[in-house]
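Shown below: final-v8.cif, with mmCIF, C-alpha atoms.
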```
data_run
loop_
_atom_site.label_atom_id
_atom_site.label_comp_id
_atom_site.auth_asym_id
_atom_site.auth_seq_id
_atom_site.Cartn_x
_atom_site.Cartn_y
_atom_site.Cartn_z
CA MET A 1442 66.19 141.39 53.06
CA ARG A 1443 64.47 143.87 55.41
CA LYS A 1444 63.28 145.90 52.43
CA LYS A 1445 61.78 142.77 50.81
CA THR A 1446 60.02 141.76 54.04
CA PHE A 1447 58.69 145.27 54.49
CA SER A 1448 57.46 145.38 50.88
CA LEU A 1449 55.71 142.02 51.30
CA CYS A 1450 53.98 143.16 54.51
CA LEU A 1451 52.97 146.41 52.83
CA ALA A 1452 51.51 144.56 49.84
CA ILE A 1453 49.50 142.19 52.05
CA SER A 1454 48.23 145.08 54.18
CA LEU A 1455 47.25 147.01 51.04
CA LEU A 1456 45.39 144.03 49.62
CA ALA A 1457 43.61 143.50 52.91
CA SER A 1458 42.63 147.16 53.22
CA LEU A 1459 41.34 147.26 49.63
CA SER A 1460 39.27 144.20 50.35
CA LEU A 1461 37.97 145.81 53.53
CA ARG A 1462 36.77 148.82 51.58
CA ALA A 1463 35.09 146.66 49.00
CA GLU A 1464 33.46 144.33 51.48
CA ASP A 1465 33.29 146.44 54.62
CA GLU A 1466 29.90 145.04 55.48
CA LEU A 1467 31.54 141.64 56.12
CA PRO A 1468 33.75 140.86 59.13
CA PHE A 1469 37.47 140.89 58.45
CA PHE A 1470 38.23 137.87 60.64
CA ARG A 1471 36.12 134.79 59.86
CA GLY A 1472 37.73 132.24 62.19
CA VAL A 1473 40.58 129.78 62.26
CA SER A 1474 41.03 126.21 61.10
CA VAL A 1475 43.37 123.42 62.11
CA SER A 1476 44.28 120.59 59.80
CA ALA A 1477 46.32 117.40 59.70
CA ASP A 1478 47.94 115.94 56.61
CA VAL A 1479 46.66 112.39 56.08
CA PHE A 1480 48.97 111.79 53.11
CA GLY A 1481 51.96 111.71 55.47
CA TRP A 1482 50.32 108.94 57.53
CA ILE A 1483 48.95 106.86 54.64
CA TYR A 1484 52.07 106.98 52.46
CA PRO A 1485 54.40 104.99 54.79
CA ILE A 1486 51.68 102.38 55.47
CA PHE A 1487 50.49 101.71 51.92
CA VAL A 1488 53.29 102.94 49.64
CA SER A 1489 56.74 103.15 51.21
CA ASP A 1490 58.10 103.86 54.65
CA ALA A 1491 61.42 105.02 53.18
CA TYR A 1492 60.56 108.67 53.79
CA TYR A 1493 57.57 110.73 54.78
CA ASN A 1494 56.45 113.97 56.45
CA ASN A 1495 53.78 114.25 59.13
CA GLU A 1496 52.38 117.72 59.59
CA VAL A 1497 49.62 119.86 61.04
CA SER A 1498 48.68 123.40 60.16
CA LEU A 1499 46.84 126.41 61.53
CA SER A 1500 45.25 129.01 59.29
CA ALA A 1501 43.11 132.13 59.71
CA ASN A 1502 40.26 133.12 57.44
CA LEU A 1503 40.40 136.82 56.49
CA LEU A 1504 37.43 138.02 54.42
CA ASN A 1505 37.05 134.46 53.11
CA ARG A 1506 39.75 135.53 50.66
CA PHE A 1507 43.14 135.47 52.40
CA PHE A 1508 44.26 132.56 54.55
CA PRO A 1509 47.56 133.11 56.40
CA VAL A 1510 48.95 129.67 57.24
CA VAL A 1511 51.49 128.21 59.65
CA GLU A 1512 52.51 124.59 59.10
CA ALA A 1513 54.66 122.45 61.37
CA GLY A 1514 55.71 118.87 60.88
CA TYR A 1515 58.25 116.13 61.34
CA GLY A 1516 60.12 114.61 58.41
CA HIS A 1517 61.60 111.14 58.53
CA CYS A 1518 63.80 109.12 56.21
CA ASN A 1519 65.41 105.72 56.69
CA THR A 1520 66.14 104.04 53.41
CA VAL A 1521 68.69 101.91 51.59
CA GLY A 1522 69.45 102.59 47.93
CA GLU A 1523 69.05 99.51 45.73
CA LEU A 1524 71.93 100.30 43.38
CA TYR A 1525 74.80 100.95 45.80
CA GLY A 1526 73.40 99.70 49.10
CA ILE A 1527 73.76 103.13 50.72
CA ARG A 1528 71.74 103.71 53.90
CA TYR A 1529 70.48 107.27 54.46
CA THR A 1530 68.81 108.35 57.70
CA THR A 1531 67.47 111.64 58.97
CA ALA A 1532 64.60 112.88 61.13
CA ALA A 1533 63.84 116.47 62.07
CA PRO A 1534 61.03 119.01 62.52
CA TYR A 1535 60.23 121.63 59.90
CA PHE A 1536 58.13 124.77 59.63
CA ARG A 1537 56.38 126.69 56.89
CA VAL A 1538 54.58 130.02 56.80
CA GLY A 1539 52.56 131.37 53.92
CA LEU A 1540 49.30 132.58 52.50
CA ASP A 1541 46.44 130.92 50.60
CA TYR A 1542 44.21 132.91 48.28
CA ASN A 1543 40.62 131.86 47.59
CA LEU A 1544 40.12 131.91 43.81
CA GLN A 1545 36.33 131.80 44.31
CA TYR A 1546 35.98 134.51 46.94
CA LYS A 1547 33.61 136.49 44.71
CA ASN A 1548 31.35 133.50 44.28
CA PRO A 1549 31.34 131.67 47.63
CA SER A 1550 29.94 128.17 47.59
CA PRO A 1551 28.93 126.07 50.61
CA ALA A 1552 30.57 123.09 48.91
CA GLY A 1553 34.09 124.55 49.20
CA PHE A 1554 36.56 126.49 47.12
CA ILE A 1555 39.67 126.32 44.95
CA PHE A 1556 42.71 128.22 46.12
CA CYS A 1557 46.34 128.96 45.32
CA GLY A 1558 49.07 129.86 47.75
CA VAL A 1559 52.71 130.31 48.61
CA ARG A 1560 54.88 129.01 51.43
CA ALA A 1561 58.35 129.62 52.83
CA GLY A 1562 59.76 126.52 54.49
CA TYR A 1563 62.68 125.93 56.85
CA SER A 1564 64.19 122.86 58.43
CA ARG A 1565 67.31 122.27 60.44
CA SER A 1566 68.46 118.67 60.47
CA THR A 1567 71.39 116.30 60.47
CA TYR A 1568 71.76 113.19 58.34
CA ASP A 1569 73.77 109.97 58.45
CA VAL A 1570 75.09 108.02 55.48
CA SER A 1571 76.65 104.58 55.58
CA ALA A 1572 77.82 102.89 52.43
CA PRO A 1573 79.70 99.69 51.56
CA PRO A 1574 83.50 100.13 51.78
CA VAL A 1575 85.18 101.88 48.87
CA THR A 1576 88.43 100.66 47.32
CA ASP A 1577 91.42 102.94 47.82
CA PRO A 1578 92.87 103.48 44.29
CA VAL A 1579 96.40 103.81 45.70
CA SER A 1580 96.63 101.05 48.29
CA GLY A 1581 93.87 98.83 46.92
CA LEU A 1582 92.53 98.39 50.44
CA ALA A 1583 88.85 98.68 51.42
CA VAL A 1584 88.07 101.94 53.22
CA PRO A 1585 84.82 102.24 55.23
CA PHE A 1586 82.41 105.00 54.19
CA GLN A 1587 80.46 106.56 57.04
CA LEU A 1588 79.09 110.09 57.54
CA ASN A 1589 77.58 110.95 60.90
CA ALA A 1590 75.42 113.94 61.84
CA VAL A 1591 76.13 116.04 58.75
CA PRO A 1592 74.32 119.35 59.43
CA CYS A 1593 71.77 120.76 56.99
CA ARG A 1594 69.82 124.03 57.22
CA ALA A 1595 67.43 124.26 54.30
CA LEU A 1596 65.24 127.14 53.18
CA TRP A 1597 62.77 126.69 50.34
CA GLY A 1598 59.70 128.21 48.72
CA GLU A 1599 56.50 126.54 47.57
CA ALA A 1600 53.75 127.49 45.14
CA LEU A 1601 50.58 125.47 45.46
CA VAL A 1602 47.05 124.98 44.24
CA GLY A 1603 44.38 123.14 46.20
CA ILE A 1604 40.75 122.39 46.84
CA ARG A 1605 38.87 122.52 50.13
CA THR A 1606 35.47 120.78 50.30
CA HIS A 1607 32.89 120.94 53.06
CA VAL A 1608 31.91 117.58 54.56
CA TRP A 1609 29.96 118.09 57.78
CA ARG A 1610 29.54 121.07 60.10
CA GLY A 1611 33.04 122.55 60.54
CA PHE A 1612 34.73 119.52 59.04
CA HIS A 1613 36.38 119.83 55.60
CA LEU A 1614 38.65 117.77 53.39
CA GLY A 1615 41.30 119.32 51.20
CA TRP A 1616 44.28 118.60 49.05
CA THR A 1617 47.15 120.62 47.70
CA ILE A 1618 49.70 120.05 44.95
CA ARG A 1619 52.95 121.87 45.55
CA TYR A 1620 55.89 122.96 43.45
CA LYS A 1621 58.96 123.42 45.67
CA ARG A 1622 62.22 125.19 45.03
CA LEU A 1623 65.29 125.24 47.27
CA PHE A 1624 66.81 128.61 48.12
CA SER A 1625 69.68 127.26 50.25
CA ASN A 1626 70.55 123.62 49.75
CA CYS A 1627 73.11 123.07 52.54
CA THR A 1628 75.78 121.51 50.34
CA SER A 1629 78.83 120.67 52.46
CA GLN A 1630 82.24 119.17 51.76
CA ASN A 1631 80.54 115.82 52.42
CA GLY A 1632 77.96 116.27 49.69
CA ASN A 1633 74.27 117.03 49.44
CA PRO A 1634 71.45 115.74 51.62
CA TRP A 1635 69.28 113.19 49.81
CA PHE A 1636 66.13 113.98 51.77
CA ILE A 1637 65.26 117.27 53.48
CA PRO A 1638 62.48 117.11 56.13
CA GLY A 1639 59.47 119.07 54.90
CA TYR A 1640 60.93 119.55 51.45
CA GLY A 1641 61.38 116.02 50.15
CA VAL A 1642 64.00 114.32 48.06
CA HIS A 1643 66.85 116.68 47.36
CA GLY A 1644 67.00 118.58 44.10
CA VAL A 1645 66.81 122.23 43.20
CA GLU A 1646 63.14 121.64 42.36
CA THR A 1647 60.70 119.03 43.50
CA PHE A 1648 57.02 118.35 43.80
CA GLY A 1649 54.75 117.40 46.69
CA ALA A 1650 51.15 116.87 47.74
CA THR A 1651 49.05 116.96 50.90
CA TYR A 1652 45.64 115.52 51.72
CA GLN A 1653 44.21 117.28 54.73
CA LEU A 1654 41.52 116.78 57.35
CA ILE A 1655 40.39 120.29 58.32
CA TRP A 1656 38.29 121.58 61.18
CA ASN A 1657 37.01 125.15 61.11
CA PHE A 1658 36.39 127.11 64.30
CA MET B 13 27.23 140.71 31.10
CA SER B 14 29.67 138.43 29.31
CA ARG B 15 29.39 134.66 29.52
CA LEU B 16 32.66 134.32 31.43
CA THR B 17 31.52 136.53 34.25
CA SER B 18 28.18 134.83 34.69
CA PRO B 19 27.90 133.40 38.22
CA SER B 20 27.35 129.85 36.99
CA LEU B 21 30.64 129.88 35.08
CA ARG B 22 32.85 131.47 37.75
CA PRO B 23 33.69 128.16 39.49
CA LEU B 24 34.62 126.71 36.09
CA LYS B 25 36.93 129.66 35.49
CA SER B 26 38.59 129.11 38.88
CA PHE B 27 38.92 125.41 38.15
CA ARG B 28 40.60 126.16 34.82
CA LEU B 29 43.00 128.54 36.53
CA ALA B 30 43.85 125.90 39.15
CA ALA B 31 44.34 123.28 36.41
CA VAL B 32 46.71 125.59 34.51
CA LEU B 33 48.69 126.35 37.69
CA THR B 34 48.95 122.60 38.42
CA ALA B 35 50.16 121.87 34.89
CA VAL B 36 52.79 124.62 35.14
CA MET B 37 54.01 123.25 38.47
CA LEU B 38 54.17 119.68 37.09
CA LEU B 39 56.22 120.81 34.10
CA ALA B 40 58.52 122.94 36.28
CA ALA B 41 59.24 120.02 38.62
CA CYS B 42 60.45 117.70 35.85
CA GLY B 43 64.12 116.89 36.19
CA GLY B 44 66.62 114.06 36.23
CA ASP B 45 69.49 112.88 38.39
CA ASP B 46 72.61 112.83 36.22
CA CYS B 47 75.45 110.70 37.56
CA VAL B 48 79.11 111.01 36.64
CA ILE B 49 80.56 108.04 34.73
CA ASN B 50 83.55 107.58 37.03
CA ASN B 51 83.28 108.46 40.72
CA THR B 52 87.06 108.51 41.26
CA VAL B 53 88.49 112.03 41.28
CA THR B 54 92.06 112.77 40.20
CA ALA B 55 94.70 115.35 41.06
CA ASN B 56 95.86 117.18 37.95
CA MET B 57 99.54 118.02 37.75
CA ALA B 58 101.14 120.24 35.07
CA PHE B 59 104.84 120.76 34.27
CA TYR B 60 106.35 124.27 34.14
CA LEU B 61 109.74 125.87 33.69
CA SER B 62 111.09 128.22 36.33
CA ASP B 63 110.28 131.20 34.05
CA GLY B 64 106.59 130.33 34.35
CA ASN B 65 106.07 128.78 30.92
CA PRO B 66 104.52 125.33 30.49
CA CYS B 67 107.04 122.68 29.50
CA GLN B 68 107.23 119.27 27.92
CA ILE B 69 109.49 116.54 29.28
CA ASN B 70 111.85 115.53 26.46
CA ASP B 71 112.56 112.22 28.07
CA THR B 72 110.80 108.94 28.77
CA LEU B 73 108.93 109.48 32.02
CA THR B 74 107.65 106.78 34.34
CA VAL B 75 105.74 107.75 37.48
CA SER B 76 104.93 105.30 40.25
CA VAL B 77 103.21 105.68 43.58
CA VAL B 78 104.91 104.23 46.63
CA ARG B 79 102.83 101.61 48.43
CA VAL B 80 103.53 99.26 51.34
CA GLN B 81 102.79 96.22 49.20
CA GLY B 82 104.97 97.43 46.30
CA ASP B 83 105.03 100.43 43.97
CA SER B 84 102.27 100.91 41.43
CA VAL B 85 102.86 102.60 38.07
CA VAL B 86 100.50 105.50 37.27
CA LEU B 87 102.34 106.70 34.13
CA ASN B 88 104.38 104.22 32.04
CA ARG B 89 107.24 105.34 29.75
CA LYS B 90 105.52 108.45 28.48
CA LEU B 91 107.49 110.54 25.99
CA GLY B 92 106.88 114.28 25.84
CA ALA B 93 104.60 114.49 28.88
CA THR B 94 103.24 117.91 29.81
CA GLY B 95 101.48 116.75 32.95
CA LEU B 96 99.55 113.88 34.43
CA SER B 97 96.44 113.04 36.43
CA PHE B 98 96.35 110.48 39.22
CA PRO B 99 94.06 109.49 42.09
CA LEU B 100 95.11 110.09 45.69
CA GLY B 101 94.84 107.66 48.57
CA TYR B 102 91.55 107.47 50.49
CA ALA B 103 92.99 106.37 53.80
CA SER B 104 96.42 107.98 53.70
CA ALA B 105 97.22 111.62 54.49
CA CYS B 106 100.37 111.68 52.35
CA ASP B 107 101.12 110.09 48.99
CA THR B 108 104.60 109.69 47.51
CA PHE B 109 105.23 109.64 43.76
CA VAL B 110 108.56 108.73 42.15
CA PHE B 111 109.34 110.33 38.76
CA ARG B 112 111.95 108.37 36.76
CA PHE B 113 113.55 110.07 33.74
CA ALA B 114 114.95 107.14 31.72
CA ARG B 115 117.30 108.91 29.31
CA MET B 116 118.89 111.11 31.97
CA GLY B 117 118.87 108.24 34.45
CA VAL B 118 117.68 110.36 37.38
CA SER B 119 114.66 110.29 39.66
CA ASP B 120 112.75 112.86 41.68
CA THR B 121 110.22 112.21 44.40
CA VAL B 122 107.08 114.26 44.98
CA PHE B 123 105.27 114.27 48.33
CA ILE B 124 101.64 115.34 48.49
CA ARG B 125 99.83 115.86 51.77
CA HIS B 126 96.03 115.97 51.68
CA ASP B 127 92.84 115.76 53.71
CA ASN B 128 90.20 113.27 52.58
CA HIS B 129 86.48 114.08 52.48
CA PRO B 130 84.01 111.21 52.03
CA TYR B 131 81.44 112.63 49.61
CA PHE B 132 77.85 111.41 49.31
CA ILE B 133 76.44 112.09 45.84
CA SER B 134 73.04 110.40 46.04
CA LEU B 135 71.46 106.98 46.58
CA ASP B 136 71.40 106.46 42.80
CA CYS B 137 74.85 107.86 42.01
CA GLY B 138 76.88 106.47 44.91
CA THR B 139 79.76 107.99 46.82
CA ALA B 140 83.15 109.50 46.10
CA MET B 141 86.22 110.67 47.97
CA PHE B 142 87.21 114.30 47.54
CA HIS B 143 90.49 115.78 48.78
CA THR B 144 91.96 119.07 49.92
CA LEU B 145 95.68 119.48 49.25
CA THR B 146 97.52 120.82 52.29
CA ALA B 147 101.18 120.65 51.21
CA ALA B 148 103.38 119.58 48.31
CA ASP B 149 107.14 119.10 48.22
CA CYS B 150 109.75 117.42 46.01
CA THR B 151 113.39 116.44 45.76
CA HIS B 152 115.56 118.72 43.62
CA ARG B 153 117.51 116.75 41.02
CA LEU B 154 115.57 118.09 38.06
CA MET B 155 112.62 119.64 39.88
CA GLN B 156 112.77 122.99 41.61
CA SER B 157 109.44 123.07 43.44
CA ALA B 158 105.91 121.66 43.72
CA VAL B 159 103.29 124.40 44.02
CA ILE B 160 99.63 123.92 44.89
CA THR B 161 97.49 126.09 42.61
CA HIS B 162 93.99 124.76 43.39
CA PRO B 163 93.82 122.72 46.60
CA GLU B 164 90.31 121.29 46.14
CA ILE B 165 90.22 118.02 44.24
CA ASN B 166 86.72 117.17 43.08
CA TYR B 167 84.88 116.82 39.77
CA ASP B 168 86.11 120.21 38.54
CA ALA B 169 88.79 119.49 35.94
CA GLN B 170 91.35 122.10 36.93
CA GLU B 171 95.07 122.19 37.50
CA ASN B 172 95.88 121.37 41.13
CA ILE B 173 99.68 121.23 41.26
CA GLN B 174 102.48 122.84 39.26
CA LEU B 175 105.76 120.93 39.08
CA VAL B 176 108.49 123.45 38.29
CA PHE B 177 111.68 122.29 36.50
CA GLY B 178 114.98 124.15 36.07
CA ASN B 179 115.51 125.65 32.59
#
```
Could you spell out this file's structure in structure tokens?
Amino acid sequence: MRKKTFSLCLAISLLASLSLRAEDELPFFRGVSVSADVFGWIYPIFVSDAYYNNEVSLSANLLNRFFPVVEAGYGHCNTVGELYGIRYTTAAPYFRVGLDYNLQYKNPSPAGFIFCGVRAGYSRSTYDVSAPPVTDPVSGLAVPFQLNAVPCRALWGEALVGIRTHVWRGFHLGWTIRYKRLFSNCTSQNGNPWFIPGYGVHGVETFGATYQLIWNF
Amino acid sequence: MSRLTSPSLRPLKSFRLAAVLTAVMLLAACGGDDCVINNTVTANMAFYLSDGNPCQINDTLTVSVVRVQGDSVVLNRKLGATGLSFPLGYASACDTFVFRFARMGVSDTVFIRHDNHPYFISLDCGTAMFHTLTAADCTHRLMQSAVITHPEINYDAQENIQLVFGN
């Protein structure tokens, strides 16, 4: 694990230093930007309030090419399945770190740019499940089904593509489409979580999107 | 200078790359939620001789589970049984099974102690009850012992208990 982290840091440093040599007339650090994901606010109002993530992020602009990013948010789920009447609830913070790469760094445009990126995400949560009683196959009696505070520590990776467009002064709009893959899925003797804050609906792979309001400093 | 590297086409090239990456991600994220047909898990019991070889019961075997409101038959007059599968109780910590051998006119009783784990599959697939076997014992008219081989009872179809008979 340490070797992998060291190799990743070395690779990023190497890329940055190569870029510095090539573009040493330009400043390395070009500022920071903060952003808020509007998708997480709109979705529960206009689509479904069953589950959603609200998040903000902070990124640095290095050479207008590399954008290290930190994202923090709060995931929420309170839903009842139509088929079995199972209620699932969870709410917890989550964090992601990663890097965006400007695909148009050689041809900068005042209108914005297209980028790709990667993220590593982590959330630590608990979830509750309550279901209609199940019938004991031996006694024939109804047995209540209730799970309380089942712990879940999830680690996942994301690969994304996105667009950032300039609107006015330091204000930008942007969206990302994200492919997500779970690395540790916190399966317990009580089953799998249905929704993981920051990740989405449980599955080895899933898909997500953000629509961001961005302010550059 | 080639056409692809001309400044006016560079944004188009980036857009194509982003479109390809998006398509790859969309395809990679496709997947379904497969549910099992029957959510009830069963304990799988197999019959063995004391020398370790599997055996067949050359008798008519009836197995019933003891309940407060009256016994319930889980295996009815089976000839040549080599084992059986049966669900365990969700609320009870111990289940009692009576094995009646009709031709020999004898019975043995098997006691199975277990922990119960409510198991959430998904909103679309429902719930189940899994078990962990903690102890197994039996009376000794025809049976010698009841041995737990795999204590976890879930959707894995594996042998959980060996019932050992005298030769």
| said: Using all atoms listed in the file - which residues lie no farther than 12 Å from the point (112.0, 116.5, 23.6) in the file's frame? Write them as a PyMOL selection string. | reply: chain B and resi 67-73+90-94+115
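Taking CA of Ile1637 (chain A) and CA of Ile1618 (chain A) as the two end points, the separation is 18.0 Å.
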Give the residues of chain A that lie within 8 Å of chain B; count all atoms listed in the file, and format the answer as a ChimeraX atom specification. /A:1521-1527,1529,1544-1545,1548,1555-1557,1570,1572,1577-1580,1584,1586-1588,1600-1603,1618-1621,1630-1635,1646-1648
For the structure shown, which residues end up in the PyMOL selection byres ((chain B and resi 155) around 12)? Put them as a compact mmCIF listing (two decimals) with C-alpha atoms, keeping the file's coordinate frame, please?
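Produced file out20.txt, reproduced below:
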```txt
# COMPACT_ATOMS: atom_id res chain seq x y z
CA PHE B 59 104.84 120.76 34.27
CA TYR B 60 106.35 124.27 34.14
CA LEU B 61 109.74 125.87 33.69
CA SER B 62 111.09 128.22 36.33
CA ILE B 69 109.49 116.54 29.28
CA VAL B 110 108.56 108.73 42.15
CA PHE B 111 109.34 110.33 38.76
CA ARG B 112 111.95 108.37 36.76
CA PHE B 113 113.55 110.07 33.74
CA VAL B 118 117.68 110.36 37.38
CA SER B 119 114.66 110.29 39.66
CA ASP B 120 112.75 112.86 41.68
CA THR B 121 110.22 112.21 44.40
CA VAL B 122 107.08 114.26 44.98
CA ASP B 149 107.14 119.10 48.22
CA CYS B 150 109.75 117.42 46.01
CA THR B 151 113.39 116.44 45.76
CA HIS B 152 115.56 118.72 43.62
CA ARG B 153 117.51 116.75 41.02
CA LEU B 154 115.57 118.09 38.06
CA GLN B 156 112.77 122.99 41.61
CA SER B 157 109.44 123.07 43.44
CA ALA B 158 105.91 121.66 43.72
CA VAL B 159 103.29 124.40 44.02
CA GLN B 174 102.48 122.84 39.26
CA LEU B 175 105.76 120.93 39.08
CA VAL B 176 108.49 123.45 38.29
CA PHE B 177 111.68 122.29 36.50
CA GLY B 178 114.98 124.15 36.07
CA ASN B 179 115.51 125.65 32.59
```
Let me know the residues the PyMOL selection byres ((chain A and resi 1538) around 8) catches in the file above, as a CSV table (one decimal) with C-alpha atoms, in the coordinates of the input.
```
chain,number,residue,atom,x,y,z
A,1509,PRO,CA,47.6,133.1,56.4
A,1510,VAL,CA,49.0,129.7,57.2
A,1511,VAL,CA,51.5,128.2,59.6
A,1512,GLU,CA,52.5,124.6,59.1
A,1536,PHE,CA,58.1,124.8,59.6
A,1537,ARG,CA,56.4,126.7,56.9
A,1539,GLY,CA,52.6,131.4,53.9
A,1540,LEU,CA,49.3,132.6,52.5
A,1560,ARG,CA,54.9,129.0,51.4
A,1561,ALA,CA,58.4,129.6,52.8
A,1562,GLY,CA,59.8,126.5,54.5
```
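Around the point (29.4, 125.0, 51.2), within 10 Å and counting all atoms listed in the file, we find these residues: Pro1549, Ser1550, Pro1551, Ala1552, Gly1553, Phe1554, Arg1605, Thr1606, His1607, Val1608, Trp1609, Arg1610 and His1613 of chain A.
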Writing out the chosen residues with C-alpha atoms as a CSV table (one decimal), keeping the file's coordinate frame:
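The result, written out as selection19.csv:
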```
chain,number,residue,atom,x,y,z
A,1549,PRO,CA,31.3,131.7,47.6
A,1550,SER,CA,29.9,128.2,47.6
A,1551,PRO,CA,28.9,126.1,50.6
A,1552,ALA,CA,30.6,123.1,48.9
A,1553,GLY,CA,34.1,124.6,49.2
A,1554,PHE,CA,36.6,126.5,47.1
A,1605,ARG,CA,38.9,122.5,50.1
A,1606,THR,CA,35.5,120.8,50.3
A,1607,HIS,CA,32.9,120.9,53.1
A,1608,VAL,CA,31.9,117.6,54.6
A,1609,TRP,CA,30.0,118.1,57.8
A,1610,ARG,CA,29.5,121.1,60.1
A,1613,HIS,CA,36.4,119.8,55.6
```
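Atom to atom, CA of Asp46 (chain B) and CA of His126 (chain B) stand 28.2 Å apart.
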Once 4 Å is added on each side, what centre and edge lengths in Å to one decimal does the axis-aligned box around all listed atoms of region 159-170 of chain B have, as JSON?
```
{"center_x": 94.1, "center_y": 121.5, "center_z": 41.3, "size_x": 26.4, "size_y": 17.3, "size_z": 18.7}
```
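Taken over the whole file, the PyMOL selection byres ((chain B and resi 146) around 6) covers exactly Arg125, His126, Leu145 and Ala147 of chain B.
Across the model, the gap from CA of Ala1513 (chain A) to CA of Val1645 (chain A) is 21.9 Å.
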Judged by only C-alpha atoms, the minimum distance to Pro1485 (chain A) among A:Gly1472, A:Asn1519, A:Gly1514, A:Ser1500 is found for A:Asn1519
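With only C-alpha atoms as the atoms that count, the residue of A:Val1642, A:Cys1518, A:Val1591, A:Leu1503 with the shortest distance to Ser1474 (chain A) is A:Leu1503.
Closest approach to Val75 (chain B) from the set B:Gln170, B:Thr161, B:Asn51, B:Thr108 is made by B:Thr108, with distances taken over only C-alpha atoms.
If only C-alpha atoms are the atoms counted, then among A:Trp1597, A:Tyr1568, A:Phe1624, A:Phe1487 the closest residue to Gly1516 (chain A) is A:Tyr1568.
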